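Chemist: My structure is stored as work.cif, with mmCIF, C-alpha atoms and all ligand atoms.
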```cif
data_structure
#
loop_
_atom_site.label_atom_id
_atom_site.label_comp_id
_atom_site.auth_asym_id
_atom_site.auth_seq_id
_atom_site.Cartn_x
_atom_site.Cartn_y
_atom_site.Cartn_z
CA MET G 1 17.35 -28.33 11.05
CA TYR G 2 14.01 -27.32 9.50
CA GLY G 3 12.11 -30.54 10.16
CA VAL G 4 10.42 -30.79 6.77
CA LYS G 5 8.58 -34.08 6.43
CA GLN G 6 7.19 -33.53 2.93
CA LEU G 7 7.21 -30.84 0.26
CA PHE G 8 4.43 -30.70 -2.30
CA VAL G 9 4.91 -28.45 -5.35
CA PRO G 10 1.60 -28.16 -7.21
CA ALA G 11 1.51 -26.88 -10.79
CA THR G 12 -1.91 -25.24 -10.63
CA VAL G 13 -4.03 -23.46 -8.02
CA LYS G 14 -6.69 -26.16 -8.45
CA GLU G 15 -4.14 -28.86 -7.58
CA ALA G 16 -2.86 -26.82 -4.60
CA LEU G 17 -6.39 -26.30 -3.23
CA GLU G 18 -7.28 -29.96 -3.62
CA TRP G 19 -4.09 -30.92 -1.81
CA LEU G 20 -4.70 -28.39 0.98
CA HIS G 21 -8.21 -29.80 1.39
CA GLN G 22 -6.81 -33.33 1.77
CA ASN G 23 -3.95 -32.16 4.07
CA PRO G 24 -5.33 -29.44 6.38
CA GLN G 25 -2.25 -29.61 8.62
CA ALA G 26 0.03 -28.58 5.72
CA LYS G 27 1.78 -25.19 5.76
CA VAL G 28 1.79 -22.96 2.71
CA ILE G 29 5.21 -21.62 1.78
CA ALA G 30 5.71 -18.62 -0.52
CA GLY G 31 9.09 -16.83 -0.18
CA GLY G 32 9.66 -18.57 3.17
CA THR G 33 11.23 -15.48 4.79
CA ASP G 34 8.77 -15.59 7.71
CA LEU G 35 7.82 -19.25 7.71
CA LEU G 36 11.32 -20.72 7.70
CA LEU G 37 12.34 -18.52 10.64
CA LYS G 38 9.24 -19.65 12.52
CA MET G 39 9.97 -23.28 11.72
CA ARG G 40 13.51 -22.92 13.01
CA ASN G 41 12.76 -20.79 16.09
CA GLN G 42 9.77 -22.83 17.20
CA ALA G 43 11.61 -26.04 16.32
CA MET G 44 8.63 -27.24 14.27
CA ARG G 45 9.07 -30.89 13.28
CA GLU G 46 7.43 -33.13 10.72
CA VAL G 47 6.19 -30.13 8.76
CA VAL G 48 4.33 -30.76 5.51
CA LEU G 49 4.86 -27.87 3.09
CA VAL G 50 2.90 -26.78 0.03
CA SER G 51 5.02 -24.54 -2.17
CA LEU G 52 3.37 -21.84 -4.29
CA HIS G 53 6.40 -21.35 -6.50
CA LYS G 54 5.07 -22.92 -9.67
CA LEU G 55 1.64 -21.28 -9.57
CA LYS G 56 1.60 -18.93 -12.55
CA GLU G 57 -1.93 -17.81 -11.59
CA LEU G 58 -0.46 -16.16 -8.47
CA GLU G 59 2.00 -14.04 -10.45
CA GLY G 60 1.68 -10.82 -12.41
CA ILE G 61 0.39 -7.29 -12.02
CA GLU G 62 -2.41 -6.12 -14.29
CA ILE G 63 -5.39 -3.79 -14.64
CA LEU G 64 -8.66 -5.71 -14.59
CA PRO G 65 -11.59 -4.79 -16.87
CA ASP G 66 -13.32 -3.06 -13.91
CA GLY G 67 -10.31 -0.74 -13.54
CA THR G 68 -8.83 -2.27 -10.38
CA LEU G 69 -5.16 -3.12 -10.15
CA ARG G 70 -4.56 -6.81 -9.46
CA ILE G 71 -1.34 -7.92 -7.83
CA GLY G 72 -0.80 -11.69 -7.68
CA ALA G 73 -0.10 -13.01 -4.17
CA MET G 74 3.32 -14.39 -5.23
CA VAL G 75 4.55 -11.04 -6.55
CA THR G 76 7.72 -10.05 -4.69
CA PHE G 77 8.49 -6.64 -3.25
CA THR G 78 11.16 -6.13 -5.93
CA GLN G 79 8.55 -6.83 -8.61
CA VAL G 80 6.12 -4.35 -7.03
CA ASN G 81 8.87 -1.74 -6.97
CA ARG G 82 9.95 -2.36 -10.57
CA SER G 83 6.50 -2.72 -12.12
CA SER G 84 5.93 0.04 -14.68
CA LEU G 85 2.19 -0.28 -14.02
CA VAL G 86 2.58 0.28 -10.26
CA ARG G 87 5.04 3.11 -10.84
CA GLU G 88 2.61 4.81 -13.18
CA LYS G 89 -0.64 4.21 -11.30
CA LEU G 90 0.46 4.04 -7.64
CA PRO G 91 3.99 5.48 -7.41
CA PHE G 92 4.01 5.62 -3.62
CA LEU G 93 3.28 1.88 -3.41
CA ALA G 94 6.33 1.20 -5.59
CA GLU G 95 8.44 3.33 -3.23
CA ALA G 96 6.89 1.73 -0.13
CA ALA G 97 7.85 -1.74 -1.41
CA VAL G 98 11.54 -1.04 -0.95
CA THR G 99 11.21 0.18 2.63
CA MET G 100 10.92 -3.47 3.69
CA GLY G 101 13.96 -5.62 4.43
CA GLY G 102 16.95 -5.29 2.15
CA PRO G 103 17.33 -6.20 -1.53
CA GLN G 104 17.84 -9.93 -0.85
CA ILE G 105 14.62 -10.11 1.20
CA GLN G 106 12.73 -7.94 -1.30
CA ASN G 107 13.74 -10.38 -4.05
CA VAL G 108 12.06 -13.37 -2.40
CA ALA G 109 9.49 -12.01 0.05
CA THR G 110 6.01 -11.89 -1.44
CA ILE G 111 3.28 -9.35 -0.87
CA GLY G 112 0.85 -12.21 -0.16
CA GLY G 113 3.16 -13.67 2.49
CA ASN G 114 3.55 -10.27 4.10
CA LEU G 115 -0.23 -10.03 4.61
CA CYS G 116 -0.96 -13.69 5.45
CA ASN G 117 1.73 -13.67 8.12
CA GLY G 118 -0.52 -11.25 10.05
CA ALA G 119 2.32 -9.18 11.55
CA VAL G 120 1.22 -5.78 12.78
CA SER G 121 4.52 -4.39 11.44
CA ALA G 122 3.98 -5.67 7.87
CA ASP G 123 5.22 -2.87 5.65
CA SER G 124 2.70 -3.43 2.87
CA ALA G 125 -0.29 -3.20 5.22
CA PRO G 126 -0.62 0.58 5.87
CA SER G 127 -0.38 1.53 2.17
CA LEU G 128 -2.81 -1.22 1.13
CA LEU G 129 -5.23 -0.22 3.91
CA ALA G 130 -5.11 3.41 2.80
CA LEU G 131 -5.81 2.20 -0.76
CA GLU G 132 -8.77 0.11 0.49
CA ALA G 133 -7.32 -3.06 -1.01
CA ARG G 134 -9.38 -6.24 -1.15
CA LEU G 135 -8.04 -9.77 -0.90
CA VAL G 136 -9.09 -12.69 -3.09
CA LEU G 137 -9.20 -15.92 -1.07
CA GLU G 138 -9.82 -19.31 -2.63
CA ASN G 139 -10.42 -22.84 -1.43
CA ARG G 140 -11.78 -25.95 -3.14
CA GLU G 141 -15.36 -24.74 -2.55
CA GLY G 142 -14.94 -21.35 -4.23
CA THR G 143 -13.69 -17.77 -4.03
CA ARG G 144 -14.44 -14.98 -1.57
CA GLU G 145 -13.24 -11.40 -1.28
CA VAL G 146 -12.54 -9.56 1.97
CA SER G 147 -11.31 -6.07 2.64
CA LEU G 148 -7.79 -5.96 4.07
CA GLU G 149 -9.23 -4.21 7.12
CA ASP G 150 -11.51 -7.19 7.87
CA PHE G 151 -8.75 -9.69 7.06
CA TYR G 152 -6.78 -8.73 10.17
CA LEU G 153 -8.33 -10.36 13.24
CA GLY G 154 -5.67 -9.78 15.92
CA PRO G 155 -1.91 -9.96 16.47
CA GLY G 156 -0.64 -12.63 14.05
CA ARG G 157 -4.22 -13.67 13.24
CA VAL G 158 -5.91 -13.27 9.87
CA ASP G 159 -9.18 -14.41 8.33
CA LEU G 160 -7.65 -17.28 6.33
CA LYS G 161 -8.96 -20.83 6.61
CA GLU G 162 -6.58 -23.80 6.74
CA ASP G 163 -7.48 -24.87 3.23
CA GLU G 164 -7.51 -21.37 1.71
CA LEU G 165 -4.98 -19.53 -0.40
CA LEU G 166 -4.67 -15.81 -0.88
CA THR G 167 -4.47 -15.61 -4.66
CA ALA G 168 -4.50 -11.86 -5.36
CA ILE G 169 -4.74 -8.35 -3.96
CA LYS G 170 -7.17 -6.02 -5.71
CA ILE G 171 -6.67 -2.28 -5.43
CA PRO G 172 -9.28 0.21 -6.65
CA LEU G 173 -7.29 2.92 -8.42
CA PRO G 174 -7.95 6.42 -7.06
CA ARG G 175 -10.30 8.22 -9.47
CA HIS G 176 -9.62 11.77 -8.37
CA ASN G 177 -7.34 13.55 -10.87
CA LYS G 178 -5.30 15.24 -8.12
CA TRP G 179 -4.33 12.60 -5.61
CA GLY G 180 -1.13 11.44 -3.96
CA GLY G 181 0.09 8.97 -1.40
CA TYR G 182 3.02 8.44 0.90
CA TYR G 183 4.32 5.75 3.26
CA TYR G 184 6.50 6.77 6.17
CA LYS G 185 8.37 3.96 7.89
CA TYR G 186 10.01 4.84 11.18
CA SER G 187 12.54 2.24 12.26
CA MET G 188 15.65 2.25 14.40
CA ARG G 189 17.82 1.60 11.32
CA ARG G 190 17.21 2.73 7.76
CA ALA G 191 17.61 -0.75 6.24
CA MET G 192 16.85 -4.31 7.35
CA ASP G 193 14.71 -3.30 10.28
CA ILE G 194 11.10 -3.90 11.20
CA SER G 195 9.03 -0.75 11.56
CA THR G 196 8.66 0.87 14.97
CA LEU G 197 5.76 2.71 13.37
CA GLY G 198 4.42 2.88 9.82
CA CYS G 199 2.02 5.50 8.48
CA ALA G 200 0.44 5.67 5.03
CA VAL G 201 -1.79 8.42 3.70
CA VAL G 202 -3.70 8.63 0.43
CA CYS G 203 -5.10 12.08 -0.17
CA ALA G 204 -7.12 13.85 -2.88
CA VAL G 205 -6.89 17.61 -3.37
CA GLU G 206 -9.44 20.04 -4.83
CA ALA G 207 -8.45 22.63 -7.44
CA GLY G 208 -8.63 25.31 -4.71
CA GLY G 209 -6.20 23.41 -2.47
CA GLN G 210 -8.62 21.91 0.09
CA VAL G 211 -8.19 18.25 0.91
CA SER G 212 -11.29 16.57 -0.47
CA GLN G 213 -10.54 13.21 1.16
CA ALA G 214 -7.71 11.60 3.09
CA ARG G 215 -7.27 8.00 4.20
CA ILE G 216 -4.84 7.50 7.05
CA ALA G 217 -3.52 4.07 8.05
CA LEU G 218 -1.07 3.01 10.74
CA GLY G 219 1.03 -0.09 11.32
CA THR G 220 2.49 -1.17 14.69
CA ALA G 221 0.10 1.23 16.40
CA ALA G 222 -2.53 -1.27 17.61
CA PRO G 223 -3.01 -5.06 17.72
CA THR G 224 -3.66 -4.92 13.95
CA PRO G 225 -2.87 -2.33 11.27
CA ILE G 226 -5.63 0.31 11.51
CA ARG G 227 -7.40 3.12 9.66
CA CYS G 228 -7.80 6.38 11.60
CA ARG G 229 -11.27 7.39 10.53
CA GLN G 230 -11.79 10.17 13.09
CA ALA G 231 -8.58 11.85 11.97
CA GLU G 232 -9.65 11.38 8.33
CA ALA G 233 -12.99 13.09 9.06
CA LEU G 234 -11.20 16.13 10.50
CA VAL G 235 -9.27 16.81 7.31
CA ALA G 236 -12.01 16.28 4.70
CA GLY G 237 -12.91 19.56 3.00
CA ARG G 238 -10.27 21.56 4.88
CA PHE G 239 -7.09 23.47 4.05
CA LEU G 240 -4.01 22.14 5.82
CA SER G 241 -2.74 24.35 8.61
CA PRO G 242 -0.34 23.84 11.55
CA ASP G 243 -3.28 23.77 13.99
CA LEU G 244 -5.19 21.24 11.93
CA LEU G 245 -2.12 19.01 11.61
CA ILE G 246 -1.68 19.00 15.40
CA ARG G 247 -5.33 18.05 15.88
CA ILE G 248 -5.06 15.29 13.26
CA GLY G 249 -1.99 13.84 14.96
CA GLU G 250 -3.64 13.93 18.37
CA THR G 251 -6.84 12.40 17.03
CA ALA G 252 -4.92 9.58 15.30
CA ALA G 253 -3.03 8.94 18.56
CA GLY G 254 -6.40 8.74 20.33
CA GLU G 255 -7.57 6.08 17.88
CA ALA G 256 -4.41 3.98 18.21
CA LYS G 257 -3.60 1.44 20.92
CA PRO G 258 0.16 0.98 20.74
CA ARG G 259 1.99 -1.22 23.21
CA SER G 260 5.46 -1.11 24.68
CA SER G 261 7.99 -3.51 23.21
CA TRP G 262 11.76 -3.74 23.27
CA ARG G 263 11.76 -1.54 20.15
CA ALA G 264 9.85 1.37 21.68
CA SER G 265 7.64 2.31 24.59
CA LYS G 266 3.93 2.94 24.17
CA GLU G 267 4.53 6.62 25.03
CA PHE G 268 7.18 7.00 22.33
CA ARG G 269 4.93 5.34 19.76
CA LEU G 270 2.10 7.76 20.67
CA GLU G 271 4.46 10.69 20.03
CA LEU G 272 5.51 9.08 16.73
CA ILE G 273 1.88 8.73 15.68
CA LYS G 274 1.20 12.44 16.32
CA GLU G 275 4.25 13.54 14.38
CA LEU G 276 4.26 11.01 11.54
CA THR G 277 0.55 11.28 10.78
CA ALA G 278 1.01 15.01 10.20
CA ARG G 279 4.23 14.62 8.20
CA THR G 280 2.85 11.82 6.04
CA LEU G 281 -0.33 13.77 5.34
CA VAL G 282 1.68 16.81 4.25
CA GLN G 283 3.86 14.65 1.97
CA ALA G 284 0.84 12.90 0.43
CA TYR G 285 -0.83 16.31 -0.07
CA GLN G 286 2.28 17.62 -1.81
CA ASN G 287 2.48 14.47 -3.95
CA ALA G 288 -1.09 15.24 -4.99
CA GLY G 289 0.05 18.65 -6.23
CA GLY G 290 -1.04 20.59 -3.14
CA GLU G 291 1.15 23.43 -1.93
CA TYR G 292 1.90 23.56 1.78
CA ARG G 293 4.63 25.43 3.54
CA ASP G 294 5.18 25.04 7.26
CA GLU G 295 5.69 28.60 8.47
CA ASN G 296 7.01 27.41 11.87
C1 LIG S 1 16.00 -10.39 7.39
C2 LIG S 1 14.52 -10.11 7.30
C3 LIG S 1 14.07 -8.81 7.21
C4 LIG S 1 12.71 -8.53 7.13
N1 LIG S 1 12.30 -7.24 7.05
C5 LIG S 1 10.99 -6.95 6.95
C6 LIG S 1 10.56 -5.60 6.87
O1 LIG S 1 11.35 -4.65 6.91
N2 LIG S 1 9.23 -5.36 6.74
C7 LIG S 1 8.31 -6.39 6.70
O2 LIG S 1 7.12 -6.12 6.57
N3 LIG S 1 8.69 -7.68 6.79
C8 LIG S 1 10.01 -7.99 6.92
N4 LIG S 1 10.42 -9.29 7.02
C9 LIG S 1 9.40 -10.35 7.09
C10 LIG S 1 9.09 -11.07 5.75
O3 LIG S 1 10.15 -10.96 4.84
C11 LIG S 1 7.81 -10.54 5.09
O4 LIG S 1 6.71 -10.62 5.95
C12 LIG S 1 7.50 -11.29 3.78
O5 LIG S 1 6.70 -10.48 2.96
C13 LIG S 1 6.83 -12.64 3.94
O6 LIG S 1 6.58 -13.16 2.65
P1 LIG S 1 7.04 -14.61 2.23
O7 LIG S 1 6.68 -14.77 0.80
O8 LIG S 1 8.46 -14.85 2.56
O9 LIG S 1 6.09 -15.46 3.16
P2 LIG S 1 6.27 -16.93 3.83
O10 LIG S 1 7.32 -16.88 4.88
O11 LIG S 1 6.43 -17.94 2.75
O12 LIG S 1 4.85 -17.06 4.48
C14 LIG S 1 4.43 -16.25 5.56
C15 LIG S 1 3.09 -16.77 6.08
O13 LIG S 1 2.05 -16.53 5.14
C16 LIG S 1 1.48 -17.76 4.66
N5 LIG S 1 1.29 -17.56 3.22
C17 LIG S 1 2.19 -17.04 2.36
N6 LIG S 1 1.63 -16.85 1.15
C18 LIG S 1 0.36 -17.28 1.25
C19 LIG S 1 -0.74 -17.34 0.33
N7 LIG S 1 -0.64 -16.87 -0.93
N8 LIG S 1 -1.91 -17.84 0.76
C20 LIG S 1 -2.03 -18.30 2.04
N9 LIG S 1 -1.05 -18.25 2.96
C21 LIG S 1 0.13 -17.75 2.56
C22 LIG S 1 2.47 -18.85 5.04
O14 LIG S 1 1.82 -20.09 5.27
C23 LIG S 1 3.07 -18.27 6.32
O15 LIG S 1 2.21 -18.52 7.41
C24 LIG S 1 11.78 -9.60 7.11
C25 LIG S 1 12.24 -10.93 7.17
C26 LIG S 1 13.58 -11.19 7.27
C27 LIG S 1 14.04 -12.63 7.32
#
```
Let me see the structure of the file written as structure tokens.
Modeler:
Amino acid sequence: MYGVKQLFVPATVKEALEWLHQNPQAKVIAGGTDLLLKMRNQAMREVVLVSLHKLKELEGIEILPDGTLRIGAMVTFTQVNRSSLVREKLPFLAEAAVTMGGPQIQNVATIGGNLCNGAVSADSAPSLLALEARLVLENREGTREVSLEDFYLGPGRVDLKEDELLTAIKIPLPRHNKWGGYYYKYSMRRAMDISTLGCAVVCAVEAGGQVSQARIALGTAAPTPIRCRQAEALVAGRFLSPDLLIRIGETAAGEAKPRSSWRASKEFRLELIKELTARTLVQAYQNAGGEYRDEN
């Protein structure tokens, strides 16, 4: 049914990279929750698979000496959610991890697979974009790092060579002492549904209550997950107000290029962007310790 011709299970990253170099047609399999569906739906035959399951180097969550948080590419969404380190340092990322799929999927789906799959609806993408995550990519020749923003090239297309593996995601921890984040997933059902629109905001707040900086990222709002830099510029140094929130939503909608799909029309997604950008910003601001009450 799945047309697997060969399965190679390397024990080290070095072995995996050597094997990928020798077999450029091979497909990398992590949790398999995207790949196996693709293999079945597209009736792919004679597939040669390289499994990442035994690669200890791709596991674990740790703080590196330079202060960044490193998440191994094979870390599952359940592990992100349950990690005491993620809960302490990036609580909203732990919460965002369990907005994807259901518990069974979260137990096997990896964060690396979610990004390498290139889906515009990937639930980890908006939060990681707002955190300015960087990806560590390795092949037999060496290692390179790219920002997540540059990694996305188009719908379903990412900057990953045939013989490369994503080995880790590096997240610079916010340095501001009053900061907060939030991920808002809008989907037709609460569980087991792909996002109609996803919005993540990371925001830092000054002692006086002004937003010192906000990073706003959207999923399923353009051919790739995007940052809304014009909307971000509007909020920097300002107090939140109903008027400002409306302008931020409209500006974010102006930066997005959503399309119509069976899930939602382009027009509905534009309305969602206006509303969710404002709501997510308010929630991130409150998570940072800011006080905001909508008087409307
Ligand atoms: C029922 C169901 C519900 C789902 N719900 C959601 C949801 O709500 N939100 C969501 O975002 N996704 C959802 N998904 C999609 C999927 O579960 C995720 O995208 C998942 O994170 C993919 O990870 P994986 O480990 O299973 O990847 P795989 O399927 O193993 O791989 C996906 C792709 O990435 C490549 N790849 C994987 N790891 C690496 C690596 N380290 N280096 C290089 N290439 C690599 C593979 O070759 C493949 O092309 C759902 C899937 C199912 C079946």
Chemist: Counting only C-alpha atoms, I want the residues whose atoms come within 9 Å of (17.5, 3.6, 18.3) in the file frame, returned as a count of residues only.
Modeler: 5
Chemist: Please, what distance in Å, to one decimal, runs between CA of Gly60 in chain G and atom C26 of ligand LIG 1 (chain S)?
Modeler: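 These atoms are spaced 23.0 Å apart.
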Chemist: Identify which of the residues G:Asn139, G:Asn117, G:Gln230, G:Ser212 lies closest to Lys14 in chain G, counting only C-alpha atoms when measuring atom-to-atom distances.
Modeler: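 Under the stated criterion, the closest residue is G:Asn139.
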Chemist: In Å to one decimal, how far is CA of Ala122 in chain G from CA of Met1 in chain G?
Modeler: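 So the two atoms, CA of Met1 in chain G and CA of Ala122 in chain G, lie 26.5 Å apart.
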Chemist: Would you give me, as CSV, each residue of chain G having an atom within 8 Å of an atom of ligand LIG 1 (chain S), along with its shortest atom pair and that distance in Å to one decimal, using only C-alpha atoms and all ligand atoms and sorting by chain and residue number?
Modeler:
```
residue,atom,partner,partner_atom,distance
G:Lys27,CA,S:LIG1,O14,5.1
G:Val28,CA,S:LIG1,O14,3.8
G:Ile29,CA,S:LIG1,O11,4.0
G:Ala30,CA,S:LIG1,O11,3.4
G:Gly31,CA,S:LIG1,O7,3.3
G:Gly32,CA,S:LIG1,O11,3.3
G:Thr33,CA,S:LIG1,O8,3.6
G:Asp34,CA,S:LIG1,O10,3.4
G:Leu35,CA,S:LIG1,O10,3.7
G:Leu36,CA,S:LIG1,O10,6.2
G:Leu37,CA,S:LIG1,C27,7.0
G:Leu52,CA,S:LIG1,N7,7.2
G:Leu58,CA,S:LIG1,N7,7.6
G:Ala73,CA,S:LIG1,N7,5.1
G:Met74,CA,S:LIG1,N7,6.3
G:Thr76,CA,S:LIG1,O7,7.3
G:Phe77,CA,S:LIG1,O5,7.5
G:Thr99,CA,S:LIG1,O1,6.5
G:Met100,CA,S:LIG1,O1,3.5
G:Gly101,CA,S:LIG1,N1,3.5
G:Gly102,CA,S:LIG1,C3,6.8
G:Ile105,CA,S:LIG1,O3,5.8
G:Gln106,CA,S:LIG1,O3,7.3
G:Val108,CA,S:LIG1,O8,6.3
G:Ala109,CA,S:LIG1,O8,3.9
G:Thr110,CA,S:LIG1,O7,3.7
G:Ile111,CA,S:LIG1,O5,5.3
G:Gly112,CA,S:LIG1,N6,4.9
G:Gly113,CA,S:LIG1,O6,3.5
G:Asn114,CA,S:LIG1,O5,3.4
G:Leu115,CA,S:LIG1,O13,6.9
G:Cys116,CA,S:LIG1,O13,4.1
G:Asn117,CA,S:LIG1,C15,4.0
G:Gly118,CA,S:LIG1,O13,7.7
G:Ala119,CA,S:LIG1,O4,7.3
G:Ser121,CA,S:LIG1,O2,5.8
G:Ala122,CA,S:LIG1,O2,3.4
G:Asp123,CA,S:LIG1,O2,3.9
G:Ser124,CA,S:LIG1,O2,6.4
G:Leu137,CA,S:LIG1,N8,7.8
G:Leu160,CA,S:LIG1,C20,7.1
G:Glu164,CA,S:LIG1,C20,6.3
G:Leu165,CA,S:LIG1,N8,3.7
G:Leu166,CA,S:LIG1,N8,3.8
G:Thr167,CA,S:LIG1,N7,5.5
G:Ala168,CA,S:LIG1,N7,7.7
G:Ala191,CA,S:LIG1,O1,7.4
G:Met192,CA,S:LIG1,C3,5.3
G:Asp193,CA,S:LIG1,O1,4.9
G:Ile194,CA,S:LIG1,O1,4.4
G:Ser195,CA,S:LIG1,O1,6.5
```
Chemist: Output C-alpha atoms of each residue in that selection to a file, as a tab-separated table (two decimals), in the frame of the given file.
Modeler:
```
chain	number	residue	atom	x	y	z
G	27	LYS	CA	1.78	-25.19	5.76
G	28	VAL	CA	1.79	-22.96	2.71
G	29	ILE	CA	5.21	-21.62	1.78
G	30	ALA	CA	5.71	-18.62	-0.52
G	31	GLY	CA	9.09	-16.83	-0.18
G	32	GLY	CA	9.66	-18.57	3.17
G	33	THR	CA	11.23	-15.48	4.79
G	34	ASP	CA	8.77	-15.59	7.71
G	35	LEU	CA	7.82	-19.25	7.71
G	36	LEU	CA	11.32	-20.72	7.70
G	37	LEU	CA	12.34	-18.52	10.64
G	52	LEU	CA	3.37	-21.84	-4.29
G	58	LEU	CA	-0.46	-16.16	-8.47
G	73	ALA	CA	-0.10	-13.01	-4.17
G	74	MET	CA	3.32	-14.39	-5.23
G	76	THR	CA	7.72	-10.05	-4.69
G	77	PHE	CA	8.49	-6.64	-3.25
G	99	THR	CA	11.21	0.18	2.63
G	100	MET	CA	10.92	-3.47	3.69
G	101	GLY	CA	13.96	-5.62	4.43
G	102	GLY	CA	16.95	-5.29	2.15
G	105	ILE	CA	14.62	-10.11	1.20
G	106	GLN	CA	12.73	-7.94	-1.30
G	108	VAL	CA	12.06	-13.37	-2.40
G	109	ALA	CA	9.49	-12.01	0.05
G	110	THR	CA	6.01	-11.89	-1.44
G	111	ILE	CA	3.28	-9.35	-0.87
G	112	GLY	CA	0.85	-12.21	-0.16
G	113	GLY	CA	3.16	-13.67	2.49
G	114	ASN	CA	3.55	-10.27	4.10
G	115	LEU	CA	-0.23	-10.03	4.61
G	116	CYS	CA	-0.96	-13.69	5.45
G	117	ASN	CA	1.73	-13.67	8.12
G	118	GLY	CA	-0.52	-11.25	10.05
G	119	ALA	CA	2.32	-9.18	11.55
G	121	SER	CA	4.52	-4.39	11.44
G	122	ALA	CA	3.98	-5.67	7.87
G	123	ASP	CA	5.22	-2.87	5.65
G	124	SER	CA	2.70	-3.43	2.87
G	137	LEU	CA	-9.20	-15.92	-1.07
G	160	LEU	CA	-7.65	-17.28	6.33
G	164	GLU	CA	-7.51	-21.37	1.71
G	165	LEU	CA	-4.98	-19.53	-0.40
G	166	LEU	CA	-4.67	-15.81	-0.88
G	167	THR	CA	-4.47	-15.61	-4.66
G	168	ALA	CA	-4.50	-11.86	-5.36
G	191	ALA	CA	17.61	-0.75	6.24
G	192	MET	CA	16.85	-4.31	7.35
G	193	ASP	CA	14.71	-3.30	10.28
G	194	ILE	CA	11.10	-3.90	11.20
G	195	SER	CA	9.03	-0.75	11.56
```
Chemist: I'd like the interatomic distance between CA of Lys266 in chain G and CA of Cys228 in chain G, to a tenth of an Å.
Modeler: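 Those two atoms sit 17.5 Å apart.
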Chemist: Do you know which residues are at most 12 Å from Cys203 in chain G counting all atoms listed in the file, after dropping those on the same chain fewer than 2 positions away, and could you put them as a PyMOL selection string?
Modeler: chain G and resi 92+127+130-131+174-183+200-201+205-206+209-217+232+235-238+240+280-290
Chemist: List as a PyMOL selection string: which residues have an atom within 12 Å of (-4.4, 6.8, 22.4), counting all atoms listed in the file?
Modeler: chain G and resi 221-222+228+249-259+266-274
Chemist: Show me, as a list in words, the residues that have an atom within 9 Å of Asp159 in chain G when counting only C-alpha atoms, minus same-chain residues fewer than 4 positions from it.
Modeler: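 These residues fall inside the cut-off: Cys116, Val146, Asp150, Phe151, Tyr152 and Leu153 of chain G.
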Chemist: Do a neighbour search on Glu141 in chain G at 10 Å with only C-alpha atoms, toss out local chain neighbours closer than 5 positions, and write the hits as a VMD selection string.
Modeler: chain G and resid 17 to 18 21 163 to 164
Chemist: Pick the closest to Thr196 in chain G from G:Ala133, G:Ile63, G:Leu276, G:Leu49: which is it, counting all atoms listed in the file?
Modeler: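 Nearest candidate to Thr196 in chain G out of G:Ala133, G:Ile63, G:Leu276, G:Leu49: G:Leu276.
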Chemist: My list of candidates is G:Ala26, G:Val9, G:Arg40, G:Pro91. Which is closest to His53 in chain G when distances are computed with only C-alpha atoms?
Modeler: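 Of G:Ala26, G:Val9, G:Arg40, G:Pro91, the one nearest His53 in chain G is G:Val9, counting only C-alpha atoms.
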Chemist: Using only C-alpha atoms, which residue out of G:Leu20, G:Ala207, G:Leu234, G:Ile71 lies closest to Val50 in chain G?
Modeler: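 Result for the nearest residue to Val50 in chain G: G:Leu20.
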Chemist: Which of these residues is nearest to Pro155 in chain G, using all atoms listed in the file: G:Val80, G:Ile248, G:Pro225, G:Leu135?
Modeler: G:Pro225
Chemist: For Val13 in chain G, list every protein, DNA or RNA residue within 8 Å, evaluated using only C-alpha atoms, and leave out those in the same chain fewer than 3 positions away; present the list as a ChimeraX atom specification.
Modeler: /G:10,16-17,55,57
Chemist: So, counting all atoms listed in the file, which residue among G:Trp262, G:Trp19, G:Pro242, G:Val47 is closest to Arg293 in chain G?
Modeler: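 Closest residue, counting all atoms listed in the file: G:Pro242.
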Chemist: Give me the residues near Val86 in chain G as a PyMOL selection string, where near means some atom within 12 Å (using only C-alpha atoms) and where sequence neighbours in that chain fewer than 2 positions away do not count.
Modeler: chain G and resi 60-63+68-71+77-84+88-97+171+173
